[in-house]
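A.B. asks: File follows, structure-v3.tsv with TSV, C-alpha atoms:
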```
chain	number	residue	atom	x	y	z
A	1	MET	CA	70.99	91.93	75.54
A	2	ALA	CA	71.80	92.78	79.15
A	3	THR	CA	74.28	95.59	79.72
A	4	GLN	CA	77.27	94.73	81.87
A	5	VAL	CA	77.85	97.26	84.61
A	6	PRO	CA	81.54	97.57	85.68
A	7	LEU	CA	82.23	96.86	89.31
A	8	PRO	CA	82.95	99.94	91.40
A	9	PRO	CA	86.22	100.22	93.31
A	10	SER	CA	85.93	98.46	96.65
A	11	GLU	CA	87.87	97.95	99.83
A	12	PRO	CA	89.37	94.51	100.55
A	13	LEU	CA	87.64	92.50	103.25
A	14	VAL	CA	89.32	92.98	106.63
A	15	PHE	CA	88.52	90.41	109.32
A	16	ASN	CA	89.18	91.21	112.96
A	17	PHE	CA	89.07	87.92	114.85
A	18	GLY	CA	90.11	89.29	118.22
A	19	ASP	CA	93.25	88.55	120.19
A	20	THR	CA	93.09	84.76	119.84
A	21	LEU	CA	93.26	84.45	116.06
A	22	ARG	CA	95.32	87.59	115.71
A	23	GLY	CA	98.02	85.64	117.46
A	24	MET	CA	98.17	82.85	114.88
A	25	THR	CA	101.73	81.80	114.09
A	26	ASP	CA	103.38	82.19	110.69
A	27	CYS	CA	102.90	78.46	110.13
A	28	GLN	CA	99.19	78.73	110.90
A	29	PHE	CA	98.83	81.73	108.63
A	30	HIS	CA	100.71	79.91	105.85
A	31	GLU	CA	98.36	76.93	106.22
A	32	PHE	CA	95.32	79.25	106.14
A	33	CYS	CA	96.58	80.74	102.87
A	34	ARG	CA	97.25	77.27	101.44
A	35	LEU	CA	93.71	76.16	102.24
A	36	ASN	CA	92.23	79.19	100.48
A	37	PRO	CA	94.20	79.45	97.21
A	38	GLN	CA	91.36	81.27	95.45
A	39	PHE	CA	92.06	84.37	97.52
A	40	ARG	CA	95.00	86.69	97.95
A	41	ILE	CA	95.44	86.97	101.71
A	42	GLU	CA	97.52	89.45	103.69
A	43	ARG	CA	97.73	90.58	107.32
A	44	ASN	CA	97.95	94.19	108.39
A	45	SER	CA	100.18	95.48	111.19
A	46	ASP	CA	97.36	94.91	113.71
A	47	GLY	CA	97.17	91.21	112.83
A	48	ASP	CA	93.82	91.43	111.02
A	49	LEU	CA	93.33	89.29	107.92
A	50	VAL	CA	92.96	91.18	104.65
A	51	ILE	CA	91.29	89.09	101.92
A	52	MET	CA	91.14	90.13	98.27
A	53	PRO	CA	89.39	88.33	95.40
A	54	PRO	CA	91.30	87.08	92.33
A	55	THR	CA	91.93	89.65	89.60
A	56	GLY	CA	90.13	89.69	86.27
A	57	GLY	CA	91.58	88.69	82.93
A	58	GLU	CA	92.82	92.10	81.82
A	59	THR	CA	94.67	92.71	85.10
A	60	GLY	CA	96.09	89.19	85.02
A	61	LYS	CA	97.39	89.74	81.49
A	62	ALA	CA	98.93	93.10	82.43
A	63	ASN	CA	100.62	91.54	85.45
A	64	PHE	CA	101.99	88.70	83.31
A	65	ASP	CA	103.46	91.21	80.83
A	66	LEU	CA	104.95	93.18	83.73
A	67	ILE	CA	106.58	90.11	85.27
A	68	ALA	CA	107.91	88.92	81.90
A	69	ALA	CA	109.61	92.26	81.22
A	70	PHE	CA	111.00	92.58	84.73
A	71	GLY	CA	112.08	88.93	84.91
A	72	ALA	CA	114.27	89.34	81.84
A	73	TRP	CA	116.05	92.27	83.49
A	74	VAL	CA	116.47	90.42	86.80
A	75	LYS	CA	118.21	87.51	85.09
A	76	ALA	CA	120.46	89.76	83.03
A	77	ASP	CA	121.38	92.09	85.91
A	78	GLY	CA	121.93	89.49	88.61
A	79	SER	CA	122.06	91.93	91.54
A	80	GLY	CA	118.79	90.85	93.11
A	81	ILE	CA	115.95	88.35	93.32
A	82	GLY	CA	112.48	88.86	91.79
A	83	PHE	CA	109.17	87.63	93.22
A	84	ASP	CA	105.60	87.40	91.96
A	85	SER	CA	102.34	88.16	93.76
A	86	SER	CA	102.16	84.75	95.46
A	87	THR	CA	105.07	85.70	97.74
A	88	GLY	CA	104.30	87.09	101.18
A	89	PHE	CA	106.81	89.23	103.08
A	90	THR	CA	106.83	89.94	106.82
A	91	LEU	CA	107.49	93.67	107.10
A	92	PRO	CA	109.23	95.28	110.10
A	93	ASN	CA	105.81	96.50	111.33
A	94	ARG	CA	104.70	92.81	111.38
A	95	ALA	CA	102.31	93.17	108.45
A	96	LYS	CA	102.40	90.37	105.89
A	97	ARG	CA	102.12	91.82	102.41
A	98	SER	CA	102.14	90.33	98.90
A	99	PRO	CA	102.94	92.98	96.29
A	100	ASP	CA	102.10	92.21	92.67
A	101	LEU	CA	105.82	92.25	91.95
A	102	ALA	CA	108.81	92.58	94.27
A	103	TRP	CA	112.61	92.64	94.13
A	104	VAL	CA	115.18	92.18	96.89
A	105	LYS	CA	118.90	92.92	96.67
A	106	ARG	CA	120.86	89.67	96.54
A	107	ALA	CA	122.98	90.53	99.60
A	108	ARG	CA	119.86	90.96	101.73
A	109	TRP	CA	118.35	87.71	100.43
A	110	ASP	CA	121.60	85.83	101.01
A	111	GLY	CA	121.58	87.09	104.60
A	112	LEU	CA	118.41	85.13	105.39
A	113	THR	CA	118.47	81.59	106.73
A	114	PRO	CA	117.00	78.77	104.59
A	115	GLU	CA	114.06	78.63	107.00
A	116	GLN	CA	113.39	82.35	106.62
A	117	ARG	CA	113.48	82.07	102.83
A	118	GLU	CA	111.07	79.14	102.88
A	119	ASP	CA	108.52	80.96	105.04
A	120	PHE	CA	107.41	84.61	104.73
A	121	PRO	CA	110.79	86.36	104.35
A	122	PRO	CA	111.25	88.80	107.27
A	123	LEU	CA	112.12	91.88	105.24
A	124	CYS	CA	110.57	94.62	103.15
A	125	PRO	CA	111.45	94.39	99.44
A	126	ASP	CA	113.71	97.04	97.96
A	127	PHE	CA	111.33	97.47	95.01
A	128	VAL	CA	107.59	96.80	94.80
A	129	VAL	CA	104.82	97.19	92.25
A	130	GLU	CA	101.08	97.28	92.86
A	131	LEU	CA	98.92	97.01	89.74
A	132	ARG	CA	95.44	98.47	90.16
A	133	SER	CA	92.44	96.47	88.96
A	134	LYS	CA	88.92	97.82	88.39
A	135	THR	CA	87.77	96.69	91.82
A	136	ASP	CA	90.74	98.16	93.72
A	137	SER	CA	90.37	101.31	95.78
A	138	LEU	CA	93.11	103.75	94.76
A	139	ASP	CA	93.27	105.20	98.29
A	140	THR	CA	93.83	101.73	99.76
A	141	LEU	CA	96.67	101.02	97.34
A	142	LYS	CA	98.26	104.41	98.04
A	143	ALA	CA	98.19	103.65	101.77
A	144	LYS	CA	99.84	100.30	101.10
A	145	MET	CA	102.58	101.98	99.07
A	146	GLN	CA	103.24	104.41	101.91
A	147	GLU	CA	103.51	101.42	104.24
A	148	TYR	CA	106.15	99.81	102.01
A	149	ILE	CA	108.20	103.02	101.96
A	150	ALA	CA	107.89	103.46	105.73
A	151	ASN	CA	109.19	99.91	106.21
A	152	GLY	CA	112.24	100.14	103.97
A	153	THR	CA	111.25	99.99	100.29
A	154	GLN	CA	113.50	102.19	98.16
A	155	LEU	CA	111.30	102.40	95.06
A	156	GLY	CA	107.64	101.63	94.49
A	157	TRP	CA	105.36	101.91	91.48
A	158	LEU	CA	101.58	102.03	91.78
A	159	ILE	CA	100.48	101.43	88.21
A	160	ASP	CA	96.89	102.44	87.40
A	161	PRO	CA	95.82	101.19	83.94
A	162	ILE	CA	92.31	102.57	84.53
A	163	GLN	CA	93.48	106.20	84.54
A	164	LYS	CA	96.76	105.48	82.72
A	165	MET	CA	98.72	106.98	85.58
A	166	VAL	CA	101.70	105.83	87.63
A	167	HIS	CA	102.34	106.93	91.20
A	168	VAL	CA	106.07	106.73	91.92
A	169	TYR	CA	107.27	106.37	95.51
A	170	ARG	CA	110.89	106.79	96.58
A	171	ALA	CA	112.46	106.65	100.02
A	172	GLY	CA	112.95	110.11	101.46
A	173	ALA	CA	110.90	111.89	98.79
A	174	GLU	CA	107.32	112.90	98.06
A	175	ALA	CA	105.28	110.64	95.79
A	176	VAL	CA	105.15	111.76	92.14
A	177	THR	CA	102.24	111.09	89.78
A	178	LEU	CA	102.96	110.56	86.07
A	179	ASP	CA	100.13	111.02	83.55
A	180	ASN	CA	100.15	108.38	80.78
A	181	PRO	CA	103.94	107.88	80.67
A	182	GLU	CA	105.39	105.82	77.82
A	183	THR	CA	108.20	104.40	79.96
A	184	LEU	CA	109.32	104.10	83.57
A	185	SER	CA	112.96	104.10	84.65
A	186	GLY	CA	114.01	102.12	87.72
A	187	ALA	CA	117.28	104.04	88.15
A	188	PRO	CA	119.16	104.25	90.41
A	189	VAL	CA	117.64	101.35	92.41
A	190	LEU	CA	117.18	99.15	89.33
A	191	ARG	CA	120.12	100.13	87.17
A	192	GLY	CA	119.30	99.90	83.48
A	193	PHE	CA	115.70	98.75	83.88
A	194	VAL	CA	113.13	100.60	81.77
A	195	LEU	CA	109.51	99.46	81.62
A	196	HIS	CA	107.57	100.20	78.43
A	197	LEU	CA	103.94	100.71	79.35
A	198	ALA	CA	102.15	100.18	76.01
A	199	GLU	CA	101.28	96.56	76.83
A	200	ILE	CA	100.27	97.45	80.39
A	201	TRP	CA	97.91	100.13	79.04
A	202	GLY	CA	96.57	97.63	76.50
A	203	THR	CA	97.49	99.78	73.51
```
With the file now loaded, output its structure as structure tokens.
C.D. replies:
Amino acid sequence: MATQVPLPPSEPLVFNFGDTLRGMTDCQFHEFCRLNPQFRIERNSDGDLVIMPPTGGETGKANFDLIAAFGAWVKADGSGIGFDSSTGFTLPNRAKRSPDLAWVKRARWDGLTPEQREDFPPLCPDFVVELRSKTDSLDTLKAKMQEYIANGTQLGWLIDPIQKMVHVYRAGAEAVTLDNPETLSGAPVLRGFVLHLAEIWGT
């Protein structure tokens, strides 16, 4: 029987198409994403396309459990709006990012026009989560978390089920790494939200 070799961590594909395609409009970018639903597509602050393959089953299951737990809190709390990984946000630095999970305070969301809500909302979420899969480079995800914080995110969690670690990012503070925590508290940004990590770790 053949032995399956796990895929090593890799960088996402970054395509530099030059000035012409870098200047594609939001509508054109949205159409490009729609025509390629098998990929998760972002744009960095330079306008380059960043293309990532779909996640595997274990990561998909962990993300589903994460969204289910967070979604219950969002509905009960009512102070903000939750989003899954299919949502793209236009950050102040012009990058278009799609965190695995995001949350925006209701007052900020209500301040957008219907057109802005329908497209890639022009704001950086208040809370983001990136969930590492086996093919994700940890350094790349850490850089993305720093980008979120630099653009206005108040709290970010980089959850690494491979090493059972969580890297916690907060505005105005150094990142903190937690080794195999049982729970994560979202306070004070997410008042009352506590994430139990047993299902995310697969235990």
A.B. asks: So how far away is atom CA of A:Ser98 from atom CA of A:Met165, in Å?
C.D. replies: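 Here the two named atoms are 21.6 Å from each other.
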A.B. asks: Measuring atom to atom with all atoms listed in the file, identify which of A:Leu178, A:Val50, A:Leu190, A:Ile41 is nearest to A:Ser79.
C.D. replies: A:Leu190
A.B. asks: Work out how far apart atom CA of A:Ala175 and atom CA of A:Gly57 are and give it in Å to one decimal.
C.D. replies: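 The value is 28.9 Å.
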A.B. asks: Between atom CA of A:Asp119 and atom CA of A:Lys75, what is the spacing in Å?
C.D. replies: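 About the pair atom CA of A:Lys75 and atom CA of A:Asp119: they are 23.1 Å apart.
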A.B. asks: Do you know which residues lie at most 7 Å from (99.5, 94.7, 95.1), with coordinates as in the file and only C-alpha atoms counted, and could you write them as a JSON list (two decimals) with C-alpha atoms, in the coordinates of the input?
C.D. replies:
```json
[["chain", "number", "residue", "atom", "x", "y", "z"],
["A", 98, "SER", "CA", 102.14, 90.33, 98.90],
["A", 99, "PRO", "CA", 102.94, 92.98, 96.29],
["A", 100, "ASP", "CA", 102.10, 92.21, 92.67],
["A", 129, "VAL", "CA", 104.82, 97.19, 92.25],
["A", 130, "GLU", "CA", 101.08, 97.28, 92.86],
["A", 131, "LEU", "CA", 98.92, 97.01, 89.74]]
```
A.B. asks: Just the residues within 12 Å of A:Val194, please, counting all atoms listed in the file, with nothing from its chain fewer than 4 positions along; format it as a list in words.
C.D. replies: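 Close residues of A:Val194: Leu66, Ala69, Phe70, Ala72, Trp73, Val74, Pro181, Glu182, Thr183, Leu184, Ser185, Gly186, Ala187, Pro188, Val189 and Leu190 of chain A.
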A.B. asks: Could you list, as a ChimeraX atom specification, every residue within 10 Å of stretch 81-92 of chain A, counting all atoms listed in the file and ignoring same-chain residues fewer than 4 positions away?
C.D. replies: /A:26,30,37,40-45,63-64,67,70-71,73-75,77,96-110,117,119-125,127-130,147-148,150-152
A.B. asks: Pick the closest to A:Tyr169 from A:Asp126, A:Phe193, A:Asp48, A:Arg34: which is it, counting all atoms listed in the file?
C.D. replies: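 Of all the options, A:Asp126 lies closest to A:Tyr169.
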A.B. asks: From the options A:Gln163, A:Asn180, A:Ser133, A:Gln28, which residue's atoms come nearest to A:Lys61, counting all atoms listed in the file?
C.D. replies: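 Of the candidates, the smallest distance to A:Lys61 is held by A:Ser133.
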A.B. asks: Taking into account only C-alpha atoms, which residue in the set A:Gln154, A:Gly192, A:Arg132, A:Thr59 is nearest to A:His167?
C.D. replies: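 Of A:Gln154, A:Gly192, A:Arg132, A:Thr59, the one nearest A:His167 is A:Arg132, counting only C-alpha atoms.
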A.B. asks: For each of A:Leu138, A:Cys27, A:Ile149, A:Ala198, take the minimum atom-to-atom distance to A:Glu118, counting only C-alpha atoms, then give the residue where this is smallest.
C.D. replies: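 Distance minimum relative to A:Glu118 lands on A:Cys27.
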